[in-house]
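Colleague: Let me begin by handing over the structure; questions about it come next.
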Amino acid sequence: MANIKKRLDCNVPGDFFVDASCIDCDICREIAPSIFGDGKGTACVVKQPQEQEEREKALMALLSCPVSAIGTLKKEGIRQVIEKFPIQIEDGVYRCGLSSRKSYGAMSYFVLHPEGNWMIDSPRENAHLLRNIKKLGGIKYIFLTHEDDVADAEFYAKAFSAKVIIHEKDAHAYPHADIILSGDQPVSIGEFTLIPTPGHTAGHTVALYRNFLFTGDHLWYSPSKKSLHASKEYCWYSWEEQIRSLEKLLHFRFEWILPGHGRSVKMKEEDIKRQIKELIKRV
Ligand code: SF4
């Protein structure tokens, strides 16, 4: 639990607060953007929840924080909110929440599908989430975008006998994966197209499902820049390859960008393509 003695000065007065253990992973600002904003290298509570819906979102952020840096003095409603994970985004696509410190708080996703459900990257091990996913039909495939966001995939894979998918160049992070991708050409599994996008890591791969692109750490939305963004600073393998991988995405159609880190966004397909082209020129 967050420590009230370490409450940051940037929080507005009131029930919810962020403490000094925050690692600035961004998940609270993604889940409850009206409540959490920017401090100096941390998140901070910029507005206390006023209505029940806002309180629920603040509690979802509290539960999702990978380092338990968010606190509430009242502590009301936590038990009820844990039952609301995974959180539906749109059309059977969910955010898992409950991020893991092992993946630096990366976001993970769950897709409900009649031919078997998918998990994209992994949340932390959590018995409530496991039970809720079981009620939704379990998991057939766990797709790992790259080596950094494996977190507790093994826990969910074992629980549901799910097949784990990762690219061979990042497979050292999950050596006993069931499906090892190779090369740089897209691979289709049912309605999913797995597109190798080397750059952030050598085996980084994104997943396209209908109009949703699960981008791992390849591409995300930056609210401060009001545009799509990729980071040379956080590129561990090859920035030149990452730019080529961004160009590759121009051949696909999608409206949602659902990243591991950074913010998600829904835009018209033509706006996404324009912004990717502008990003490539800018960098
Ligand atoms: S979720 Fe937790 S660690 Fe991440 S930015 Fe918010 S308070 Fe900080």
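Convention: chains lettered A, B, ... in structure tokens order; per-chain residue numbering from 1; ligands numbered from 1 as shown.
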Hey, which residues come within 6 Å of ligand 1 if we count only C-alpha atoms and all ligand atoms? Could you give them as a list in words?

Modeller: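 Result of the 6 Å neighbour search around ligand 1: Val18, Cys22, Ile23, Asp24, Cys25, Asp26, Ile27, Cys28, Thr42, Ala43, Cys65, Pro66, Val67, Ala69 and Ile70 of chain A.
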
Colleague: Write the residues you've just listed into a file as an mmCIF file, in the first residue's frame, and include all heavy atoms for each of them.

Modeller:
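The file below, part19.cif, is the result:
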```
data_model
loop_
_atom_site.group_PDB
_atom_site.id
_atom_site.type_symbol
_atom_site.label_atom_id
_atom_site.label_comp_id
_atom_site.auth_asym_id
_atom_site.auth_seq_id
_atom_site.Cartn_x
_atom_site.Cartn_y
_atom_site.Cartn_z
ATOM 1 N N VAL A 18 -0.564 10.050 -4.544
ATOM 2 C CA VAL A 18 0.559 9.260 -5.075
ATOM 3 C C VAL A 18 1.725 9.476 -4.121
ATOM 4 O O VAL A 18 1.940 10.604 -3.649
ATOM 5 C CB VAL A 18 0.934 9.729 -6.496
ATOM 6 C CG1 VAL A 18 2.185 9.017 -7.001
ATOM 7 C CG2 VAL A 18 -0.238 9.503 -7.462
ATOM 8 N N CYS A 22 6.470 6.148 -6.749
ATOM 9 C CA CYS A 22 6.011 6.158 -8.156
ATOM 10 C C CYS A 22 7.195 6.037 -9.113
ATOM 11 O O CYS A 22 8.200 6.725 -8.946
ATOM 12 C CB CYS A 22 5.248 7.461 -8.419
ATOM 13 S SG CYS A 22 4.876 7.733 -10.161
ATOM 14 N N ILE A 23 7.070 5.164 -10.129
ATOM 15 C CA ILE A 23 8.127 5.002 -11.141
ATOM 16 C C ILE A 23 7.717 5.651 -12.466
ATOM 17 O O ILE A 23 8.350 5.438 -13.486
ATOM 18 C CB ILE A 23 8.498 3.515 -11.349
ATOM 19 C CG1 ILE A 23 7.257 2.688 -11.765
ATOM 20 C CG2 ILE A 23 9.128 2.936 -10.089
ATOM 21 C CD1 ILE A 23 7.574 1.272 -12.244
ATOM 22 N N ASP A 24 6.633 6.404 -12.454
ATOM 23 C CA ASP A 24 6.193 7.184 -13.619
ATOM 24 C C ASP A 24 5.900 6.292 -14.830
ATOM 25 O O ASP A 24 6.272 6.621 -15.956
ATOM 26 C CB ASP A 24 7.258 8.228 -13.976
ATOM 27 C CG ASP A 24 6.643 9.410 -14.723
ATOM 28 O OD1 ASP A 24 5.423 9.603 -14.628
ATOM 29 O OD2 ASP A 24 7.391 10.133 -15.400
ATOM 30 N N CYS A 25 5.213 5.162 -14.578
ATOM 31 C CA CYS A 25 4.956 4.224 -15.677
ATOM 32 C C CYS A 25 3.799 4.664 -16.564
ATOM 33 O O CYS A 25 3.631 4.187 -17.658
ATOM 34 C CB CYS A 25 4.678 2.838 -15.116
ATOM 35 S SG CYS A 25 3.041 2.687 -14.366
ATOM 36 N N ASP A 26 2.934 5.548 -16.065
ATOM 37 C CA ASP A 26 1.862 6.170 -16.852
ATOM 38 C C ASP A 26 0.521 5.458 -16.803
ATOM 39 O O ASP A 26 -0.473 5.971 -17.320
ATOM 40 C CB ASP A 26 2.287 6.321 -18.321
ATOM 41 C CG ASP A 26 1.755 7.601 -18.960
ATOM 42 O OD1 ASP A 26 1.470 8.556 -18.214
ATOM 43 O OD2 ASP A 26 1.625 7.649 -20.189
ATOM 44 N N ILE A 27 0.446 4.269 -16.192
ATOM 45 C CA ILE A 27 -0.809 3.517 -16.316
ATOM 46 C C ILE A 27 -1.965 4.225 -15.606
ATOM 47 O O ILE A 27 -3.103 4.202 -16.077
ATOM 48 C CB ILE A 27 -0.663 2.042 -15.875
ATOM 49 C CG1 ILE A 27 -1.895 1.253 -16.345
ATOM 50 C CG2 ILE A 27 -0.461 1.881 -14.389
ATOM 51 C CD1 ILE A 27 -1.750 -0.232 -16.321
ATOM 52 N N CYS A 28 -1.696 4.938 -14.511
ATOM 53 C CA CYS A 28 -2.796 5.637 -13.817
ATOM 54 C C CYS A 28 -3.361 6.752 -14.695
ATOM 55 O O CYS A 28 -4.570 6.975 -14.729
ATOM 56 C CB CYS A 28 -2.336 6.188 -12.471
ATOM 57 S SG CYS A 28 -0.931 7.282 -12.552
ATOM 58 N N THR A 42 7.031 12.070 -11.868
ATOM 59 C CA THR A 42 6.095 11.144 -11.204
ATOM 60 C C THR A 42 4.695 11.469 -11.713
ATOM 61 O O THR A 42 4.484 12.491 -12.368
ATOM 62 C CB THR A 42 6.055 11.340 -9.674
ATOM 63 O OG1 THR A 42 5.504 12.633 -9.394
ATOM 64 C CG2 THR A 42 7.402 11.172 -9.031
ATOM 65 N N ALA A 43 3.746 10.620 -11.331
ATOM 66 C CA ALA A 43 2.341 10.997 -11.493
ATOM 67 C C ALA A 43 1.902 11.711 -10.216
ATOM 68 O O ALA A 43 2.584 11.619 -9.187
ATOM 69 C CB ALA A 43 1.496 9.752 -11.702
ATOM 70 N N CYS A 65 -1.524 0.029 -10.419
ATOM 71 C CA CYS A 65 -0.166 0.557 -10.199
ATOM 72 C C CYS A 65 0.798 -0.590 -9.872
ATOM 73 O O CYS A 65 0.554 -1.364 -8.952
ATOM 74 C CB CYS A 65 -0.185 1.578 -9.067
ATOM 75 S SG CYS A 65 1.467 2.216 -8.710
ATOM 76 N N PRO A 66 1.897 -0.705 -10.614
ATOM 77 C CA PRO A 66 2.795 -1.861 -10.405
ATOM 78 C C PRO A 66 3.597 -1.797 -9.123
ATOM 79 O O PRO A 66 4.168 -2.801 -8.705
ATOM 80 C CB PRO A 66 3.731 -1.789 -11.625
ATOM 81 C CG PRO A 66 3.738 -0.351 -12.015
ATOM 82 C CD PRO A 66 2.355 0.166 -11.717
ATOM 83 N N VAL A 67 3.661 -0.606 -8.491
ATOM 84 C CA VAL A 67 4.498 -0.479 -7.289
ATOM 85 C C VAL A 67 3.691 -0.009 -6.083
ATOM 86 O O VAL A 67 4.263 0.435 -5.084
ATOM 87 C CB VAL A 67 5.687 0.481 -7.550
ATOM 88 C CG1 VAL A 67 6.652 -0.121 -8.558
ATOM 89 C CG2 VAL A 67 5.216 1.851 -8.022
ATOM 90 N N ALA A 69 1.970 2.652 -5.532
ATOM 91 C CA ALA A 69 2.316 4.040 -5.165
ATOM 92 C C ALA A 69 1.079 4.910 -4.974
ATOM 93 O O ALA A 69 1.205 6.081 -4.625
ATOM 94 C CB ALA A 69 3.214 4.640 -6.242
ATOM 95 N N ILE A 70 -0.108 4.346 -5.239
ATOM 96 C CA ILE A 70 -1.336 5.152 -5.115
ATOM 97 C C ILE A 70 -2.067 4.731 -3.843
ATOM 98 O O ILE A 70 -2.244 3.533 -3.578
ATOM 99 C CB ILE A 70 -2.249 4.958 -6.343
ATOM 100 C CG1 ILE A 70 -1.503 5.356 -7.620
ATOM 101 C CG2 ILE A 70 -3.540 5.780 -6.196
ATOM 102 C CD1 ILE A 70 -2.252 5.053 -8.903
#
```

Colleague: Could you tell me, as a ChimeraX atom specification, which residues of range 64-281 of chain A DSSP assigns to strand (DSSP E or B) when given the backbone?

Modeller: /A:70-72,87-90,93-95,109-111,118-120,141-143,163-167,179-181,187-189,192-196,205-209,212-216,220-222,227-229,256-259,263,265-266

Colleague: Give me, as a list in words, all polymer residues having an atom no more than 12 Å from Lys6 in chain A, counting only C-alpha atoms and skipping those fewer than 3 positions away in the same chain.

Modeller: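 My list of contacting residues is Met1, Ala2, Asn3, Asp9, Cys10, Asn11, Phe17, Val18, Asp19, Ala20, Ser21, Cys22, Ala69, Ile70 and Gly71 of chain A.
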
Colleague: Within 10 Å of range 160-176 of chain A, which residues of range 43-119 of chain A come that close, and what is the closest atom pair and distance in Å for each? Count only C-alpha atoms and give it as a Markdown table.

Modeller:
```
| residue | atom | partner | partner_atom | distance |
| --- | --- | --- | --- | --- |
| A:Gly116 | CA | A:Ala162 | CA | 9.7 |
| A:Asn117 | CA | A:Ala162 | CA | 9.4 |
| A:Trp118 | CA | A:Ala162 | CA | 8.8 |
| A:Met119 | CA | A:Ala162 | CA | 9.3 |
```

Colleague: Taking only C-alpha atoms into account, which of A:Ser68, A:Asn211, A:Ser103, A:Gln52 comes nearest Val81 in chain A?

Modeller: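 Of A:Ser68, A:Asn211, A:Ser103, A:Gln52, the one nearest Val81 in chain A is A:Gln52, counting only C-alpha atoms.
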
Colleague: Considering only C-alpha atoms, can you say which of A:Ile35, A:Gln185, A:Tyr209, A:Lys140 comes closest to Glu51 in chain A?

Modeller: A:Ile35

Colleague: State, in Å with one decimal place, the distance from CA of Trp220 in chain A to CA of Leu136 in chain A.

Modeller: 27.8 Å

Colleague: So, counting only C-alpha atoms, which residue among A:Phe212, A:Phe192, A:Phe110, A:Phe36 is closest to Lys266 in chain A?

Modeller: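 The closest residue to Lys266 in chain A is A:Phe212.
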
Colleague: Between A:His128, A:Arg29, A:Lys232, A:His204, which is the closest to Ser182 in chain A once you count only C-alpha atoms?

Modeller: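 With only C-alpha atoms as the atom set, the closest residue is A:His204.
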
Colleague: Within 10 Å of range 148-156 of chain A, which residues of range 50-102 of chain A come that close, and what is the closest atom pair and distance in Å for each? Count only C-alpha atoms and give it as JSON lines.

Modeller:
```
{"residue": "A:Ser99", "atom": "CA", "partner": "A:Ala151", "partner_atom": "CA", "distance": 8.6}
{"residue": "A:Ser100", "atom": "CA", "partner": "A:Ala151", "partner_atom": "CA", "distance": 6.1}
{"residue": "A:Arg101", "atom": "CA", "partner": "A:Ala151", "partner_atom": "CA", "distance": 7.8}
{"residue": "A:Lys102", "atom": "CA", "partner": "A:Ala151", "partner_atom": "CA", "distance": 5.3}
```

Colleague: Show me, as a list in words, the residues that have an atom within 12 Å of Gln50 in chain A when counting only C-alpha atoms, minus same-chain residues fewer than 2 positions from it.

Modeller: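 The contact residues come out as Gly14, Asp15, Phe16, Ser34, Ile35, Lys47, Gln48, Gln52, Glu53, Glu54, Arg55, Glu56, Lys57 and Ala58 of chain A.
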
Colleague: Store the residues picked out above, limited to all heavy atoms, as an mmCIF file, in the first residue's frame.

Modeller:
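Saved the output as part-v7.cif:
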```
data_model
loop_
_atom_site.group_PDB
_atom_site.id
_atom_site.type_symbol
_atom_site.label_atom_id
_atom_site.label_comp_id
_atom_site.auth_asym_id
_atom_site.auth_seq_id
_atom_site.Cartn_x
_atom_site.Cartn_y
_atom_site.Cartn_z
ATOM 1 N N GLY A 14 -6.830 15.800 -0.287
ATOM 2 C CA GLY A 14 -8.001 14.920 -0.355
ATOM 3 C C GLY A 14 -7.638 13.456 -0.225
ATOM 4 O O GLY A 14 -6.512 13.099 0.141
ATOM 5 N N ASP A 15 -8.594 12.616 -0.550
ATOM 6 C CA ASP A 15 -8.536 11.181 -0.297
ATOM 7 C C ASP A 15 -7.404 10.463 -1.034
ATOM 8 O O ASP A 15 -6.602 9.762 -0.443
ATOM 9 C CB ASP A 15 -9.911 10.599 -0.677
ATOM 10 C CG ASP A 15 -10.003 9.110 -0.433
ATOM 11 O OD1 ASP A 15 -9.168 8.581 0.321
ATOM 12 O OD2 ASP A 15 -10.917 8.481 -0.995
ATOM 13 N N PHE A 16 -7.339 10.630 -2.353
ATOM 14 C CA PHE A 16 -6.355 9.883 -3.148
ATOM 15 C C PHE A 16 -5.019 10.623 -3.184
ATOM 16 O O PHE A 16 -4.985 11.859 -3.213
ATOM 17 C CB PHE A 16 -6.867 9.675 -4.579
ATOM 18 C CG PHE A 16 -7.876 8.571 -4.695
ATOM 19 C CD1 PHE A 16 -9.220 8.818 -4.457
ATOM 20 C CD2 PHE A 16 -7.475 7.280 -5.020
ATOM 21 C CE1 PHE A 16 -10.157 7.788 -4.553
ATOM 22 C CE2 PHE A 16 -8.405 6.255 -5.121
ATOM 23 C CZ PHE A 16 -9.751 6.506 -4.881
ATOM 24 N N SER A 34 -8.541 11.977 -15.828
ATOM 25 C CA SER A 34 -9.050 13.199 -15.201
ATOM 26 C C SER A 34 -8.542 13.334 -13.757
ATOM 27 O O SER A 34 -8.576 14.416 -13.179
ATOM 28 C CB SER A 34 -10.583 13.221 -15.221
ATOM 29 O OG SER A 34 -11.086 12.186 -14.401
ATOM 30 N N ILE A 35 -8.067 12.240 -13.173
ATOM 31 C CA ILE A 35 -7.644 12.239 -11.758
ATOM 32 C C ILE A 35 -6.126 12.366 -11.620
ATOM 33 O O ILE A 35 -5.627 13.053 -10.729
ATOM 34 C CB ILE A 35 -8.108 10.931 -11.063
ATOM 35 C CG1 ILE A 35 -9.610 10.713 -11.254
ATOM 36 C CG2 ILE A 35 -7.720 10.907 -9.583
ATOM 37 C CD1 ILE A 35 -10.491 11.803 -10.683
ATOM 38 N N LYS A 47 -6.834 15.986 -9.445
ATOM 39 C CA LYS A 47 -8.227 16.278 -9.096
ATOM 40 C C LYS A 47 -8.748 15.083 -8.296
ATOM 41 O O LYS A 47 -8.499 13.935 -8.683
ATOM 42 C CB LYS A 47 -9.032 16.439 -10.396
ATOM 43 C CG LYS A 47 -10.489 16.724 -10.186
ATOM 44 C CD LYS A 47 -11.250 16.625 -11.517
ATOM 45 C CE LYS A 47 -12.710 16.417 -11.251
ATOM 46 N NZ LYS A 47 -13.379 15.504 -12.093
ATOM 47 N N GLN A 48 -9.410 15.352 -7.206
ATOM 48 C CA GLN A 48 -9.992 14.240 -6.442
ATOM 49 C C GLN A 48 -11.290 13.796 -7.129
ATOM 50 O O GLN A 48 -12.022 14.626 -7.666
ATOM 51 C CB GLN A 48 -10.287 14.686 -5.004
ATOM 52 C CG GLN A 48 -9.041 14.992 -4.187
ATOM 53 C CD GLN A 48 -8.190 13.751 -3.900
ATOM 54 O OE1 GLN A 48 -8.667 12.615 -3.967
ATOM 55 N NE2 GLN A 48 -6.916 13.968 -3.596
ATOM 56 N N GLN A 52 -19.133 8.676 -8.516
ATOM 57 C CA GLN A 52 -18.841 7.252 -8.338
ATOM 58 C C GLN A 52 -17.972 6.708 -9.470
ATOM 59 O O GLN A 52 -17.017 5.961 -9.244
ATOM 60 C CB GLN A 52 -20.170 6.482 -8.253
ATOM 61 C CG GLN A 52 -20.040 5.017 -7.957
ATOM 62 C CD GLN A 52 -19.308 4.738 -6.641
ATOM 63 O OE1 GLN A 52 -19.206 5.600 -5.766
ATOM 64 N NE2 GLN A 52 -18.742 3.546 -6.531
ATOM 65 N N GLU A 53 -18.298 7.129 -10.721
ATOM 66 C CA GLU A 53 -17.538 6.615 -11.867
ATOM 67 C C GLU A 53 -16.063 7.040 -11.781
ATOM 68 O O GLU A 53 -15.152 6.267 -12.061
ATOM 69 C CB GLU A 53 -18.161 7.125 -13.174
ATOM 70 C CG GLU A 53 -17.625 6.403 -14.383
ATOM 71 C CD GLU A 53 -18.147 6.970 -15.691
ATOM 72 O OE1 GLU A 53 -19.158 7.721 -15.677
ATOM 73 O OE2 GLU A 53 -17.541 6.681 -16.712
ATOM 74 N N GLU A 54 -15.846 8.285 -11.368
ATOM 75 C CA GLU A 54 -14.459 8.768 -11.232
ATOM 76 C C GLU A 54 -13.731 8.020 -10.117
ATOM 77 O O GLU A 54 -12.561 7.692 -10.228
ATOM 78 C CB GLU A 54 -14.450 10.264 -10.918
ATOM 79 C CG GLU A 54 -14.678 11.141 -12.126
ATOM 80 C CD GLU A 54 -14.453 12.608 -11.826
ATOM 81 O OE1 GLU A 54 -14.702 13.041 -10.677
ATOM 82 O OE2 GLU A 54 -14.053 13.326 -12.749
ATOM 83 N N ARG A 55 -14.442 7.767 -9.026
ATOM 84 C CA ARG A 55 -13.821 7.022 -7.913
ATOM 85 C C ARG A 55 -13.444 5.607 -8.361
ATOM 86 O O ARG A 55 -12.363 5.118 -8.037
ATOM 87 C CB ARG A 55 -14.779 6.981 -6.711
ATOM 88 C CG ARG A 55 -14.178 6.281 -5.533
ATOM 89 C CD ARG A 55 -14.934 6.365 -4.235
ATOM 90 N NE ARG A 55 -14.222 5.571 -3.250
ATOM 91 C CZ ARG A 55 -13.183 5.980 -2.547
ATOM 92 N NH1 ARG A 55 -12.755 7.221 -2.669
ATOM 93 N NH2 ARG A 55 -12.563 5.186 -1.708
ATOM 94 N N GLU A 56 -14.337 4.972 -9.123
ATOM 95 C CA GLU A 56 -14.040 3.623 -9.627
ATOM 96 C C GLU A 56 -12.783 3.629 -10.481
ATOM 97 O O GLU A 56 -11.930 2.762 -10.377
ATOM 98 C CB GLU A 56 -15.216 3.104 -10.466
ATOM 99 C CG GLU A 56 -16.241 2.398 -9.631
ATOM 100 C CD GLU A 56 -17.284 1.685 -10.460
ATOM 101 O OE1 GLU A 56 -17.124 1.570 -11.693
ATOM 102 O OE2 GLU A 56 -18.278 1.252 -9.867
ATOM 103 N N LYS A 57 -12.686 4.648 -11.359
ATOM 104 C CA LYS A 57 -11.497 4.709 -12.237
ATOM 105 C C LYS A 57 -10.235 4.945 -11.411
ATOM 106 O O LYS A 57 -9.185 4.366 -11.686
ATOM 107 C CB LYS A 57 -11.678 5.812 -13.278
ATOM 108 C CG LYS A 57 -12.664 5.394 -14.341
ATOM 109 C CD LYS A 57 -12.470 6.151 -15.612
ATOM 110 C CE LYS A 57 -13.317 5.499 -16.695
ATOM 111 N NZ LYS A 57 -13.646 6.384 -17.770
ATOM 112 N N ALA A 58 -10.350 5.814 -10.391
ATOM 113 C CA ALA A 58 -9.186 6.068 -9.533
ATOM 114 C C ALA A 58 -8.775 4.782 -8.813
ATOM 115 O O ALA A 58 -7.579 4.483 -8.673
ATOM 116 C CB ALA A 58 -9.506 7.175 -8.536
#
```

Colleague: Smallest atom-to-atom distance to Thr197 in chain A: which of A:Phe85, A:Tyr94, A:Tyr237, A:Tyr104, using only C-alpha atoms?

Modeller: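 For Thr197 in chain A, the nearest of the given residues is A:Tyr237.
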
Colleague: Counting only C-alpha atoms, which residue out of A:Leu208, A:Ala177, A:Leu8, A:Ile78 sits closest to Gly41 in chain A?

Modeller: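 Closest residue, counting only C-alpha atoms: A:Leu8.
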
Colleague: From a DSSP pass on the backbone, collect the residues of range 204-283 of chain A flagged as helix (DSSP H, G or I) and hand them back as a list in words.

Modeller: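 Helix (DSSP H, G or I) members of range 204-283 of chain A, listed: Trp239, Glu240, Glu241, Gln242, Ile243, Arg244, Ser245, Leu246, Glu247, Lys248, Leu249, Glu269, Glu270, Asp271, Ile272, Lys273, Arg274, Gln275, Ile276, Lys277, Glu278, Leu279, Ile280, Lys281 and Arg282 of chain A.
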
Colleague: Excluding same-chain residues fewer than 5 positions from Gln242 in chain A, what lies within 12 Å of it counting only C-alpha atoms, as an NGL selection string?

Modeller: :A and (196-205 or 217-219 or 229-232 or 234-237 or 247-249 or 279-280 or 283)

Colleague: What would the file look like if the residues just selected were written as an mmCIF file, in the first residue's frame with N, CA and C atoms?

Modeller:
```cif
data_model
loop_
_atom_site.group_PDB
_atom_site.id
_atom_site.type_symbol
_atom_site.label_atom_id
_atom_site.label_comp_id
_atom_site.auth_asym_id
_atom_site.auth_seq_id
_atom_site.Cartn_x
_atom_site.Cartn_y
_atom_site.Cartn_z
ATOM 1 N N PRO A 196 6.315 -8.459 -37.518
ATOM 2 C CA PRO A 196 7.605 -8.147 -36.897
ATOM 3 C C PRO A 196 7.975 -6.678 -37.106
ATOM 4 N N THR A 197 8.323 -6.001 -36.018
ATOM 5 C CA THR A 197 8.675 -4.579 -36.073
ATOM 6 C C THR A 197 9.968 -4.371 -35.271
ATOM 7 N N PRO A 198 11.095 -4.924 -35.764
ATOM 8 C CA PRO A 198 12.331 -4.778 -35.004
ATOM 9 C C PRO A 198 12.706 -3.312 -34.820
ATOM 10 N N GLY A 199 13.369 -3.031 -33.743
ATOM 11 C CA GLY A 199 13.778 -1.654 -33.446
ATOM 12 C C GLY A 199 13.957 -1.497 -31.958
ATOM 13 N N HIS A 200 12.836 -1.390 -31.240
ATOM 14 C CA HIS A 200 12.918 -1.288 -29.774
ATOM 15 C C HIS A 200 13.704 -2.485 -29.225
ATOM 16 N N THR A 201 13.361 -3.679 -29.700
ATOM 17 C CA THR A 201 14.195 -4.872 -29.489
ATOM 18 C C THR A 201 14.307 -5.589 -30.831
ATOM 19 N N ALA A 202 15.214 -6.570 -30.911
ATOM 20 C CA ALA A 202 15.441 -7.247 -32.199
ATOM 21 C C ALA A 202 14.222 -8.044 -32.649
ATOM 22 N N GLY A 203 13.482 -8.585 -31.676
ATOM 23 C CA GLY A 203 12.344 -9.430 -32.041
ATOM 24 C C GLY A 203 11.000 -8.777 -31.774
ATOM 25 N N HIS A 204 10.991 -7.460 -31.633
ATOM 26 C CA HIS A 204 9.717 -6.784 -31.347
ATOM 27 C C HIS A 204 8.715 -7.067 -32.466
ATOM 28 N N THR A 205 7.483 -7.376 -32.081
ATOM 29 C CA THR A 205 6.428 -7.715 -33.048
ATOM 30 C C THR A 205 5.130 -7.077 -32.561
ATOM 31 N N ASP A 217 6.073 -1.609 -27.365
ATOM 32 C CA ASP A 217 6.844 -0.371 -27.142
ATOM 33 C C ASP A 217 7.335 0.221 -28.465
ATOM 34 N N HIS A 218 6.606 -0.083 -29.552
ATOM 35 C CA HIS A 218 7.022 0.405 -30.875
ATOM 36 C C HIS A 218 6.464 1.799 -31.171
ATOM 37 N N LEU A 219 5.229 2.052 -30.746
ATOM 38 C CA LEU A 219 4.529 3.276 -31.154
ATOM 39 C C LEU A 219 3.412 3.533 -30.160
ATOM 40 N N HIS A 229 4.006 8.805 -31.296
ATOM 41 C CA HIS A 229 5.384 9.006 -30.864
ATOM 42 C C HIS A 229 6.115 7.667 -30.760
ATOM 43 N N ALA A 230 7.413 7.697 -31.011
ATOM 44 C CA ALA A 230 8.300 6.561 -30.746
ATOM 45 C C ALA A 230 9.567 7.164 -30.162
ATOM 46 N N SER A 231 10.308 6.382 -29.402
ATOM 47 C CA SER A 231 11.408 6.986 -28.639
ATOM 48 C C SER A 231 12.763 6.386 -28.991
ATOM 49 N N LYS A 232 13.680 7.250 -29.444
ATOM 50 C CA LYS A 232 15.062 6.821 -29.674
ATOM 51 C C LYS A 232 15.742 6.505 -28.340
ATOM 52 N N TYR A 234 14.458 5.216 -25.729
ATOM 53 C CA TYR A 234 14.078 3.890 -25.219
ATOM 54 C C TYR A 234 14.150 2.815 -26.303
ATOM 55 N N CYS A 235 14.973 3.058 -27.311
ATOM 56 C CA CYS A 235 15.184 2.061 -28.362
ATOM 57 C C CYS A 235 16.431 1.266 -27.995
ATOM 58 N N TRP A 236 16.249 -0.018 -27.699
ATOM 59 C CA TRP A 236 17.379 -0.807 -27.180
ATOM 60 C C TRP A 236 18.167 -1.500 -28.294
ATOM 61 N N TYR A 237 17.580 -1.662 -29.494
ATOM 62 C CA TYR A 237 18.234 -2.474 -30.521
ATOM 63 C C TYR A 237 18.754 -1.620 -31.688
ATOM 64 N N GLU A 247 7.626 2.429 -41.128
ATOM 65 C CA GLU A 247 7.214 2.506 -42.550
ATOM 66 C C GLU A 247 6.379 1.292 -42.937
ATOM 67 N N LYS A 248 6.733 0.139 -42.394
ATOM 68 C CA LYS A 248 6.005 -1.105 -42.693
ATOM 69 C C LYS A 248 4.531 -0.991 -42.289
ATOM 70 N N LEU A 249 4.278 -0.290 -41.194
ATOM 71 C CA LEU A 249 2.896 -0.184 -40.700
ATOM 72 C C LEU A 249 1.985 0.589 -41.647
ATOM 73 N N LEU A 279 5.829 11.470 -38.170
ATOM 74 C CA LEU A 279 6.768 10.986 -37.155
ATOM 75 C C LEU A 279 8.074 10.540 -37.812
ATOM 76 N N ILE A 280 7.955 9.794 -38.922
ATOM 77 C CA ILE A 280 9.158 9.310 -39.618
ATOM 78 C C ILE A 280 9.998 10.507 -40.095
ATOM 79 N N VAL A 283 11.752 12.321 -37.037
ATOM 80 C CA VAL A 283 12.864 11.654 -36.340
ATOM 81 C C VAL A 283 14.011 11.353 -37.297
#
```

Colleague: Each residue of range 100-131 of chain A with at least one atom at most 10 Å from range 255-261 of chain A should appear once, together with its nearest atom pair and the corresponding distance in Å (one decimal); atoms considered: only C-alpha atoms; ordering: chain, then increasing residue number; output as JSON lines.

Modeller:
```
{"residue": "A:Ser103", "atom": "CA", "partner": "A:Gly260", "partner_atom": "CA", "distance": 9.1}
{"residue": "A:Tyr104", "atom": "CA", "partner": "A:His261", "partner_atom": "CA", "distance": 8.8}
{"residue": "A:Gly105", "atom": "CA", "partner": "A:His261", "partner_atom": "CA", "distance": 7.9}
{"residue": "A:Ala106", "atom": "CA", "partner": "A:Gly260", "partner_atom": "CA", "distance": 4.7}
{"residue": "A:Met107", "atom": "CA", "partner": "A:Gly260", "partner_atom": "CA", "distance": 4.6}
{"residue": "A:Ser108", "atom": "CA", "partner": "A:Gly260", "partner_atom": "CA", "distance": 6.5}
{"residue": "A:Tyr109", "atom": "CA", "partner": "A:Leu258", "partner_atom": "CA", "distance": 8.4}
{"residue": "A:Ile120", "atom": "CA", "partner": "A:Gly260", "partner_atom": "CA", "distance": 9.4}
{"residue": "A:Asp121", "atom": "CA", "partner": "A:Gly260", "partner_atom": "CA", "distance": 8.0}
{"residue": "A:Ser122", "atom": "CA", "partner": "A:Gly260", "partner_atom": "CA", "distance": 9.8}
```
